[in-house]
Each structure stands twice: as C-alpha cells, then as structure tokens.
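S.K.: File coords.txt follows (compact mmCIF, C-alpha atoms and all ligand atoms):
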```txt
# COMPACT_ATOMS: atom_id res chain seq x y z
CA MET A 231 -47.12 -87.95 -109.07
CA GLU A 232 -48.88 -85.26 -111.04
CA VAL A 233 -47.10 -82.31 -112.57
CA GLU A 234 -49.06 -80.02 -110.30
CA ASP A 235 -47.83 -81.87 -107.32
CA TYR A 236 -44.27 -81.39 -108.52
CA THR A 237 -44.88 -77.70 -109.13
CA SER A 238 -46.30 -77.20 -105.68
CA LYS A 239 -43.44 -79.23 -104.18
CA ILE A 240 -40.91 -77.09 -106.07
CA LYS A 241 -42.67 -73.92 -104.90
CA SER A 242 -42.64 -75.06 -101.36
CA LEU A 243 -38.95 -76.02 -101.68
CA GLU A 244 -38.21 -72.63 -103.22
CA LYS A 245 -39.99 -70.97 -100.30
CA GLU A 246 -38.04 -73.02 -97.85
CA ASN A 247 -34.90 -72.13 -99.74
CA ARG A 248 -35.71 -68.45 -99.54
CA ILE A 249 -36.35 -68.72 -95.80
CA LEU A 250 -33.11 -70.61 -95.30
CA LYS A 251 -31.24 -68.00 -97.38
CA LYS A 252 -32.69 -65.25 -95.23
CA LYS A 253 -31.76 -67.15 -92.12
CA LEU A 254 -28.27 -67.59 -93.51
CA GLU A 255 -28.04 -63.90 -94.31
CA ARG A 256 -29.21 -63.05 -90.81
CA SER A 257 -26.75 -65.38 -89.18
CA GLU A 258 -24.06 -63.94 -91.46
CA ILE A 259 -24.94 -60.48 -90.13
CA ASP A 260 -25.04 -61.80 -86.56
CA ARG A 261 -21.69 -63.48 -87.06
CA SER A 262 -20.07 -60.31 -88.38
CA LYS A 263 -21.74 -58.38 -85.55
CA LEU A 264 -20.36 -60.88 -83.08
CA GLU A 265 -16.96 -60.67 -84.70
CA ALA A 266 -17.07 -56.89 -84.49
CA ALA A 267 -18.19 -57.12 -80.86
CA ASP A 268 -15.36 -59.56 -80.21
CA ARG A 269 -12.93 -57.19 -81.84
CA ASN A 270 -14.36 -54.36 -79.74
CA LYS A 271 -14.08 -56.46 -76.63
CA GLU A 272 -10.49 -57.31 -77.44
CA THR A 273 -9.62 -53.67 -78.00
CA LEU A 274 -11.46 -52.78 -74.82
CA LEU A 275 -9.66 -55.49 -72.92
CA LYS A 276 -6.34 -54.31 -74.31
CA LYS A 277 -7.18 -50.77 -73.26
CA VAL A 278 -8.25 -51.92 -69.81
CA ILE A 279 -4.98 -53.87 -69.43
CA CYS A 280 -3.07 -50.84 -70.64
CA ASP A 281 -4.90 -48.58 -68.18
CA LEU A 282 -4.35 -51.07 -65.39
CA GLN A 283 -0.62 -51.17 -66.10
CA GLU A 284 -0.55 -47.40 -66.07
CA TYR A 285 -2.47 -47.28 -62.77
CA GLN A 286 -0.13 -49.86 -61.33
CA SER A 287 2.92 -47.80 -62.17
CA ILE A 288 1.23 -44.65 -60.84
CA LEU A 289 0.35 -46.57 -57.67
CA GLU A 290 3.91 -47.84 -57.34
CA LYS A 291 5.20 -44.31 -57.71
CA LYS A 292 2.65 -43.03 -55.22
CA SER A 293 3.53 -45.68 -52.67
CA ASN A 294 7.24 -44.86 -53.14
CA ASP A 295 6.42 -41.20 -52.59
CA LEU A 296 4.36 -42.14 -49.56
CA GLU A 297 7.18 -44.20 -48.12
CA GLN A 298 9.55 -41.27 -48.65
CA THR A 299 7.05 -38.89 -47.03
CA LEU A 300 6.70 -41.26 -44.11
CA THR A 301 10.47 -41.42 -43.65
CA ASN A 302 10.68 -37.63 -43.87
CA LEU A 303 7.80 -37.32 -41.42
CA SER A 304 9.39 -39.56 -38.84
CA LEU A 305 12.69 -37.66 -39.28
CA MET A 306 10.79 -34.42 -38.83
CA GLN A 307 9.00 -35.81 -35.80
CA ASN A 308 12.31 -36.76 -34.20
CA LYS A 309 13.65 -33.31 -34.95
CA LEU A 310 10.55 -31.72 -33.45
CA VAL A 311 10.84 -33.90 -30.35
CA GLU A 312 14.45 -32.72 -30.02
CA ALA A 313 13.36 -29.13 -30.66
CA GLU A 314 10.70 -29.47 -27.96
CA LYS A 315 13.35 -30.74 -25.55
CA MET A 316 15.62 -27.83 -26.44
CA ALA A 317 12.73 -25.39 -26.03
CA ALA A 318 12.07 -26.83 -22.57
CA LEU A 319 15.74 -26.40 -21.78
CA GLY A 320 15.66 -22.82 -23.11
CA GLY A 321 12.72 -22.09 -20.82
CA LEU A 322 14.61 -23.62 -17.95
CA VAL A 323 17.58 -21.33 -18.58
CA ALA A 324 15.23 -18.33 -18.62
CA GLY A 325 13.80 -19.58 -15.33
CA VAL A 326 17.26 -19.89 -13.80
CA ALA A 327 18.17 -16.36 -14.83
CA HIS A 328 14.94 -14.97 -13.38
CA GLU A 329 15.15 -16.85 -10.08
CA ILE A 330 18.82 -16.14 -9.48
CA ASN A 331 18.43 -12.49 -10.31
CA THR A 332 16.71 -11.73 -7.00
CA PRO A 333 19.27 -13.10 -4.49
CA VAL A 334 22.21 -11.92 -6.60
CA GLY A 335 20.71 -8.42 -7.02
CA THR A 336 19.99 -8.20 -3.28
CA SER A 337 23.54 -9.33 -2.50
CA ILE A 338 24.97 -6.59 -4.74
CA THR A 339 22.91 -3.92 -2.96
CA LEU A 340 23.91 -5.27 0.45
CA ALA A 341 27.60 -5.47 -0.53
CA SER A 342 27.57 -1.84 -1.71
CA THR A 343 25.97 -0.80 1.62
CA LEU A 344 28.77 -2.61 3.45
CA ARG A 345 31.38 -0.95 1.24
CA ASP A 346 29.91 2.55 1.96
CA GLU A 347 29.78 1.89 5.70
CA THR A 348 33.37 0.58 5.68
CA GLN A 349 34.57 3.65 3.75
CA LEU A 350 32.83 5.87 6.31
CA LEU A 351 34.51 3.94 9.10
CA SER A 352 37.96 4.35 7.57
CA THR A 353 37.38 8.12 7.13
CA LEU A 354 36.35 8.30 10.78
CA ILE A 355 39.54 6.47 11.79
CA GLU A 356 41.74 8.69 9.55
CA THR A 357 40.21 11.90 10.92
CA GLY A 358 40.34 10.64 14.50
CA CYS A 359 36.59 11.06 14.90
CA LEU A 360 35.80 7.46 15.62
CA LYS A 361 33.65 7.08 18.67
CA LYS A 362 32.83 3.83 20.42
CA SER A 363 29.12 4.21 19.56
CA LEU A 364 29.93 4.69 15.84
CA LEU A 365 32.13 1.61 15.85
CA LYS A 366 29.38 -0.34 17.58
CA HIS A 367 26.90 0.88 14.97
CA TYR A 368 29.24 -0.18 12.16
CA LEU A 369 29.78 -3.60 13.69
CA GLU A 370 26.03 -4.13 14.00
CA ILE A 371 25.45 -3.16 10.36
CA ALA A 372 28.42 -5.21 9.14
CA THR A 373 27.24 -8.31 10.99
CA GLU A 374 23.65 -7.98 9.76
CA VAL A 375 24.61 -7.15 6.17
CA SER A 376 27.15 -9.96 5.91
CA CYS A 377 24.62 -12.43 7.30
CA LEU A 378 22.09 -11.28 4.68
CA ILE A 379 24.67 -11.48 1.89
CA LEU A 380 25.56 -14.97 3.02
CA SER A 381 21.97 -16.20 3.08
CA ASN A 382 21.19 -14.62 -0.31
CA LEU A 383 24.28 -16.15 -1.88
CA ASN A 384 23.43 -19.47 -0.27
CA ARG A 385 19.98 -19.26 -1.84
CA ALA A 386 21.53 -18.47 -5.24
CA GLY A 387 23.95 -21.37 -4.75
CA GLU A 388 21.10 -23.76 -3.94
CA LEU A 389 19.17 -22.61 -6.99
CA VAL A 390 22.19 -23.08 -9.25
CA GLN A 391 22.67 -26.53 -7.77
CA SER A 392 19.07 -27.65 -8.31
CA PHE A 393 18.78 -26.04 -11.75
CA LYS A 394 22.04 -27.65 -12.76
CA GLN A 395 20.60 -31.02 -11.81
CA VAL A 396 17.26 -30.43 -13.56
CA ALA A 397 18.99 -29.14 -16.69
CA VAL A 398 21.44 -32.04 -16.78
CA ASP A 399 18.59 -34.51 -16.26
CA GLN A 400 16.55 -32.92 -18.99
CA SER A 401 19.33 -33.04 -21.55
CA SER A 402 20.55 -36.49 -20.60
CA SER A 403 18.55 -39.61 -19.92
CA GLU A 404 20.47 -41.00 -16.97
CA ARG A 405 18.87 -43.16 -14.36
CA ARG A 406 19.66 -42.23 -10.80
CA SER A 407 18.34 -42.18 -7.28
CA PHE A 408 16.42 -39.04 -6.27
CA LYS A 409 13.82 -37.70 -3.87
CA VAL A 410 10.63 -37.37 -5.90
CA LYS A 411 8.88 -34.57 -4.03
CA GLU A 412 11.97 -32.38 -3.73
CA TYR A 413 12.79 -32.96 -7.37
CA ILE A 414 9.30 -32.06 -8.63
CA GLN A 415 9.48 -28.92 -6.47
CA GLU A 416 12.76 -27.96 -8.16
CA VAL A 417 11.20 -28.53 -11.58
CA ILE A 418 8.23 -26.32 -10.68
CA ILE A 419 10.47 -23.52 -9.37
CA SER A 420 12.51 -23.66 -12.53
CA ILE A 421 9.64 -23.52 -15.03
CA LEU A 422 7.07 -21.21 -13.45
CA PRO A 423 8.97 -17.95 -14.09
CA GLN A 424 8.61 -18.61 -17.84
CA PHE A 425 4.92 -17.86 -17.57
CA LYS A 426 4.93 -14.18 -16.78
CA GLN A 427 1.17 -13.73 -16.66
CA ASN A 428 0.61 -16.97 -14.81
CA LEU A 429 -1.65 -16.84 -11.80
CA CYS A 430 -1.64 -20.56 -11.06
CA LYS A 431 -0.67 -21.93 -7.70
CA VAL A 432 1.08 -25.26 -7.81
CA SER A 433 1.09 -27.41 -4.68
CA ILE A 434 2.61 -30.79 -4.15
CA SER A 435 1.70 -33.30 -1.49
CA GLY A 436 2.85 -36.77 -0.52
CA ASP A 437 5.72 -38.44 1.26
CA ASP A 438 8.71 -36.04 1.61
CA THR A 439 11.17 -38.87 2.03
CA MET A 440 10.10 -40.96 -0.95
CA GLN A 441 13.23 -41.79 -2.90
CA ILE A 442 13.23 -43.70 -6.18
CA TYR A 443 15.75 -45.02 -8.68
CA SER A 444 14.41 -43.84 -12.01
CA TYR A 445 14.76 -41.29 -14.82
CA PRO A 446 14.42 -37.80 -13.35
CA GLY A 447 14.78 -36.15 -16.79
CA ALA A 448 11.74 -38.01 -18.09
CA LEU A 449 9.75 -37.14 -14.97
CA ALA A 450 10.78 -33.48 -15.26
CA GLN A 451 9.58 -33.37 -18.85
CA VAL A 452 6.28 -35.02 -18.00
CA ILE A 453 5.57 -32.53 -15.18
CA THR A 454 6.71 -29.63 -17.39
CA ASN A 455 4.32 -30.68 -20.18
CA PHE A 456 1.38 -31.01 -17.75
CA ILE A 457 2.02 -27.55 -16.27
CA ASN A 458 2.53 -26.04 -19.75
CA ASN A 459 -0.78 -27.49 -20.84
CA SER A 460 -2.73 -26.31 -17.83
CA ILE A 461 -1.40 -22.78 -18.17
CA LEU A 462 -1.83 -22.72 -21.95
CA HIS A 463 -5.15 -24.54 -22.36
CA ALA A 464 -7.02 -24.81 -19.07
CA TYR A 465 -7.20 -21.23 -17.84
CA LEU A 466 -8.30 -17.98 -19.36
CA PRO A 467 -5.82 -15.11 -18.89
CA ASN A 468 -6.03 -13.58 -15.41
CA LYS A 469 -7.87 -16.61 -14.04
CA ILE A 470 -6.41 -17.94 -10.83
CA GLY A 471 -5.82 -21.64 -11.12
CA ASN A 472 -5.06 -24.36 -8.63
CA ILE A 473 -2.79 -27.14 -9.72
CA SER A 474 -2.01 -29.97 -7.35
CA ILE A 475 0.38 -32.85 -7.63
CA TYR A 476 0.10 -35.86 -5.39
CA ILE A 477 2.78 -38.53 -5.12
CA GLN A 478 2.41 -41.95 -3.59
CA GLN A 479 4.46 -45.12 -3.50
CA GLU A 480 3.08 -48.61 -3.12
CA SER A 481 5.94 -51.13 -2.98
CA ASP A 482 7.55 -50.97 -6.45
CA GLN A 483 4.92 -48.71 -7.93
CA VAL A 484 4.92 -44.94 -7.96
CA ILE A 485 1.71 -43.05 -8.60
CA ILE A 486 1.83 -39.42 -9.58
CA GLN A 487 -1.46 -37.65 -9.87
CA TYR A 488 -1.58 -34.25 -11.54
CA ARG A 489 -4.75 -32.24 -11.34
CA ASP A 490 -5.91 -28.82 -12.54
CA ASP A 491 -9.23 -27.10 -11.92
CA GLY A 492 -9.41 -25.46 -15.34
CA SER A 493 -11.63 -25.73 -18.40
CA GLY A 494 -11.38 -29.49 -18.86
CA ILE A 495 -11.01 -31.21 -22.22
CA ASP A 496 -13.86 -31.28 -24.72
CA PRO A 497 -15.17 -34.90 -25.02
CA GLU A 498 -15.05 -34.45 -28.81
CA ILE A 499 -11.25 -34.22 -28.81
CA PHE A 500 -10.57 -36.31 -25.72
CA GLY A 501 -9.66 -39.43 -27.73
CA ARG A 502 -7.03 -37.57 -29.72
CA ILE A 503 -5.01 -35.74 -27.07
CA TYR A 504 -2.07 -38.17 -27.27
CA ASP A 505 -1.96 -38.14 -31.09
CA PRO A 506 1.20 -36.59 -32.50
CA PHE A 507 0.59 -33.09 -33.88
CA PHE A 508 -2.92 -32.89 -32.45
CA THR A 509 -3.40 -29.44 -30.97
CA THR A 510 -6.23 -27.00 -30.44
CA ALA A 511 -3.75 -24.18 -30.01
CA ARG A 512 -1.75 -24.05 -33.23
CA ASP A 513 -2.39 -20.29 -33.34
CA LYS A 514 -0.66 -19.93 -29.96
CA GLY A 515 2.36 -21.91 -31.05
CA GLY A 516 1.20 -25.39 -29.96
CA THR A 517 2.77 -28.22 -31.94
CA GLY A 518 0.64 -31.01 -30.52
CA LEU A 519 3.66 -33.02 -29.43
CA GLY A 520 3.54 -32.39 -25.68
CA LEU A 521 1.19 -35.19 -24.65
CA HIS A 522 2.50 -37.52 -27.35
CA ILE A 523 5.99 -37.19 -25.86
CA THR A 524 4.55 -37.47 -22.35
CA TYR A 525 2.75 -40.69 -23.31
CA ASN A 526 5.92 -42.17 -24.81
CA LEU A 527 8.05 -41.16 -21.83
CA VAL A 528 5.66 -42.73 -19.33
CA THR A 529 4.93 -45.91 -21.27
CA GLN A 530 8.39 -46.53 -22.72
CA LYS A 531 11.08 -44.82 -20.65
CA LEU A 532 9.34 -45.20 -17.29
CA GLN A 533 7.68 -48.49 -18.25
CA GLY A 534 4.37 -47.30 -16.87
CA SER A 535 0.93 -46.21 -17.85
CA ILE A 536 -0.94 -42.95 -18.06
CA ASP A 537 -4.60 -42.22 -17.63
CA CYS A 538 -6.60 -39.05 -18.11
CA GLU A 539 -9.96 -38.01 -16.76
CA SER A 540 -11.52 -34.70 -17.61
CA GLU A 541 -14.78 -32.90 -17.15
CA LEU A 542 -15.74 -29.72 -18.97
CA GLY A 543 -15.68 -26.76 -16.61
CA LYS A 544 -14.27 -28.85 -13.77
CA GLY A 545 -10.72 -29.68 -14.76
CA THR A 546 -8.37 -32.43 -15.80
CA ILE A 547 -6.57 -35.21 -13.95
CA PHE A 548 -3.60 -37.13 -15.31
CA THR A 549 -2.56 -40.19 -13.35
CA GLY A 550 0.83 -41.67 -14.13
CA LEU A 551 1.81 -45.02 -12.73
CA PHE A 552 5.27 -46.50 -13.15
CA TRP A 553 7.62 -49.07 -11.72
CA VAL A 554 10.82 -48.28 -9.86
N1 LIG A 601 -4.87 -29.51 -18.87
C1 LIG A 601 -5.54 -29.37 -20.03
N2 LIG A 601 -6.72 -28.69 -20.05
C2 LIG A 601 -7.42 -28.53 -21.21
N3 LIG A 601 -7.01 -29.03 -22.41
C3 LIG A 601 -5.87 -29.71 -22.46
C4 LIG A 601 -5.07 -29.92 -21.28
N4 LIG A 601 -3.99 -30.67 -21.62
C5 LIG A 601 -4.10 -30.90 -22.94
N5 LIG A 601 -5.21 -30.33 -23.46
C6 LIG A 601 -5.68 -30.44 -24.88
O1 LIG A 601 -4.93 -31.47 -25.52
C7 LIG A 601 -4.29 -30.97 -26.71
C8 LIG A 601 -3.00 -31.71 -26.94
O2 LIG A 601 -2.04 -31.36 -25.96
P1 LIG A 601 -0.49 -31.39 -26.32
O3 LIG A 601 0.29 -31.04 -25.11
O4 LIG A 601 -0.17 -32.68 -26.98
O5 LIG A 601 -0.33 -30.28 -27.44
P2 LIG A 601 -0.29 -28.68 -27.28
O6 LIG A 601 -0.16 -28.29 -25.84
O7 LIG A 601 -1.45 -28.11 -28.01
O8 LIG A 601 1.04 -28.32 -28.05
P3 LIG A 601 2.55 -28.51 -27.50
O9 LIG A 601 2.48 -29.22 -26.19
O10 LIG A 601 3.24 -29.32 -28.52
O11 LIG A 601 3.07 -27.13 -27.41
C9 LIG A 601 -4.17 -29.48 -26.48
O12 LIG A 601 -4.09 -28.76 -27.69
C10 LIG A 601 -5.45 -29.16 -25.67
O13 LIG A 601 -6.56 -29.00 -26.53
MG MG A 602 1.25 -29.18 -24.60
```
As a first step, turn the structure in this file into structure tokens.
M.R.:
Amino acid sequence: MEVEDYTSKIKSLEKENRILKKKLERSEIDRSKLEAADRNKETLLKKVICDLQEYQSILEKKSNDLEQTLTNLSLMQNKLVEAEKMAALGGLVAGVAHEINTPVGTSITLASTLRDETQLLSTLIETGCLKKSLLKHYLEIATEVSCLILSNLNRAGELVQSFKQVAVDQSSSERRSFKVKEYIQEVIISILPQFKQNLCKVSISGDDTMQIYSYPGALAQVITNFINNSILHAYLPNKIGNISIYIQQESDQVIIQYRDDGSGIDPEIFGRIYDPFFTTARDKGGTGLGLHITYNLVTQKLQGSIDCESELGKGTIFTGLFWV
C-alpha cells in the first residue's frame, strides 16, 4: 500500500469518526431530551395521580352530601305529605263549621220565636186575656216551629255524623265497609264550602247500594285532590264547571271515573303530573304533591291503578281502578 492510500484511508476514517461523533452527540442530546421528557412525564403522572386523589375525595364528600340531602329530602317529603293531610283536615273542619252554621243558626232563630210566643202566652194567661183562638194560634206556631227546629237539628246531627266519619277516616287509615256513593257525597259536601268562589257543580252517578270493604280515608283523599285540582287548575275564576264522578263495580273491581270539563292538561307537562313537587301553580300555593300522593294511595294503599286522559280545552278524566 502506498502512503497516499494510507493518507486517504486515514482521512476517510477521520471523516467517519467525525460523523460518528456527531451522531453520538446527537443521540446524547436525544437521550437527555428523552430523560427530561421522562422526568416531565413522571411529574405529570404524579400530578395527575394527585389530582385524581383530590377529585376522588371531593367526589366522596359530594356523594356523602348527596346522600344526606336525599335523606333530608325524603324526610321533608314525608313531612309535606303529613302537612298536606293536615291541610285537608283543616279544610274539612272549615267545611263542617260552614255547613253546620246554617241549620244551627236557623234553629236558634226558631227557638227564640218559640220563646217569645210562649212568653206572650203566659202573659195572656196571667192577665186572663187568653182566648181560645189565641191558644189555637199559639199551638199552631209551637207545633210548626218545633217541627222545624227538630228537622234542622236532625240535619246538623247528620252532618256532624258524616263529617266525623270523613274526618276520622282521613286521619286514620282503617279499612272498613262503606257505601261508596254515599261516602263520596259526604266528602264532596264537606270540602266544597272551602272554595268560596267556586262555581263548579259536582254530580255523582252509579249504583247507590254499592258497598265495599276498603280504605275510605284513602278514597276521600283521592277525591279531594281531584276536586282541588279541577277548581284550582281547570277553571278560570267565575267559570261554571261541571264535574262528574261515576262509580261502577265489576265483581271484585271498583272503577271510579272522575271527569271535569275544564282547561285540560298541556301535553308538554302531561308526563310529569304525578312527579313529586311538580306544579304549575307554585304562585298560588301549589306544592305539587297532590297527584303524587293520589298515585301512591291508589297504587299502594288501594292496590289499584290510575289512568289520566286529557285534552286541551275539553277537560280531564282520571280513572281509578282498584280491588276490594
Ligand atoms: N284537573 C286538572 N286540570 C288541569 N290541570 C291539572 C288538573 N289536575 C292536575 N293538573 C296539573 O297537574 C299539576 C300537578 O298536580 P298536583 O295536584 O300534583 O299539584 P298541584 O295541584 O299543583 O299542587 P298541590 O296539589 O300539592 O297543592 C298541576 O300543577 C296542574 O298543572
Ligand atoms: Mg293538586
């Protein structure tokens, strides 16, 4: 080999060496970059783990809070259900007072007439001015007035009796045998006076003799909620409404159909009417529990089912079906 060959070989080796050195330098840089990236990743990962742990504890706290809120909510709901029952009972008492006022007031007036006539009679006897015709007149008045007093007091007695039963049924949850039509009539009489501006007529049709063994308190509350809703939601003030209730029994099944000819329920909210606290009348004091309670009473207490049909501008029909 010539010297020149060696020189050129050395040069080429030197060149290769330089290239390799550069490559080495570059991979050194890449390695340190990778190491730095690794370190970054590790820090990032640690941070992510840290954040995750924090989120987890926040989530745990939140779910504890949520559980507590849920417990409070169901306690509140129970209290509201009780309050609603008490409000219904309060309304019932107001109804009793209003209904009984008339026969008792009339009886007082009649009794004072009888007292005046009797006093007049005794003066006539004392002064010796009693004539047969005056005595006859007195006897006629006394007979008529005492008959009227008796019938008015009988009416008051009947009202007290039926109200007593409705009130007891509403506060207790006893199962007993009762005549459905008569009972619903008593419920209607007892709640209508609460609605002073009410112009609705409520009629009930179906078998007078139908007697069932069931929960009258639950039935009373269901009917009360339906009537409340029609008066509150279905009719504008001063609008005359027609509400009809139809009862029917088919072997062990009782069907009660309640119908109003009011505004109907907007299809947009129709699917939510049984939801607890759903109301379109919060400004008028609605709590949104009425139909929720009604649904529970029919499906749980009465072991039945409830169905609603409604058409805007035409009215609403609730059909309850339960076993006896
Ligand atoms: N007969 C009806 N006609 C028109 N809308 C009705 C009728 N019954 C119920 N609704 C609608 O269904 C909603 C829910 O009724 P629900 O009885 O549960 O609550 P509420 O009457 O608003 O309040 P609450 O009964 O607790 O006082 C009402 O707010 C109303 O919009
Ligand atoms: Mg209601």
S.K.: Which residues are close to region 309-320 of chain A, i.e. within 10 Å by only C-alpha atoms, leaving aside same-chain residues fewer than 2 positions away? Reply as a list in words.
M.R.: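 Counting only the stated atoms, we get Leu303, Ser304, Leu305, Met306, Gln307, Leu322, Val323, Ala324, Gly325, Val326, Val396, Ala397, Val398, Gln400, Ser401, Ile421, Gln424, Ala450, Gln451, Thr454, Asn455, Asn458, Thr517, Leu519, Gly520, His522 and Ile523 of chain A.
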S.K.: Report, as lines of an AutoDock Vina configuration file, the centre and edge lengths in Å (one decimal) of the axis-aligned box enclosing every listed atom of region 377-387 of chain A, padded by 3 Å on each side.
M.R.:
```
center_x = 22.8
center_y = -16.3
center_z = 1.0
size_x = 11.6
size_y = 16.1
size_z = 18.5
```
S.K.: Step by step, measure atom-to-atom distances between ligand LIG 601 (chain A) and each residue using only C-alpha atoms and all ligand atoms, keep those at most 9 Å, then write them as number ranges by chain.
M.R.: A: 314, 455-465, 489-496, 499-500, 502-512, 514-524, 540, 542, 545-548
S.K.: Give me, as a ChimeraX atom specification, all polymer residues having an atom no more than 10 Å from region 366-383 of chain A, counting only C-alpha atoms and skipping those fewer than 3 positions away in the same chain.
M.R.: /A:330,332-345,347-348,350-351,361-363,386-389
S.K.: Could you name the residues that touch Asp437 (chain A) at 8 Å or less, counting all atoms listed in the file, but leaving out those on the same chain fewer than 5 positions away, as a list in words?
M.R.: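 Residues meeting the cut-off are Lys411, Ile477 and Gln478 of chain A.
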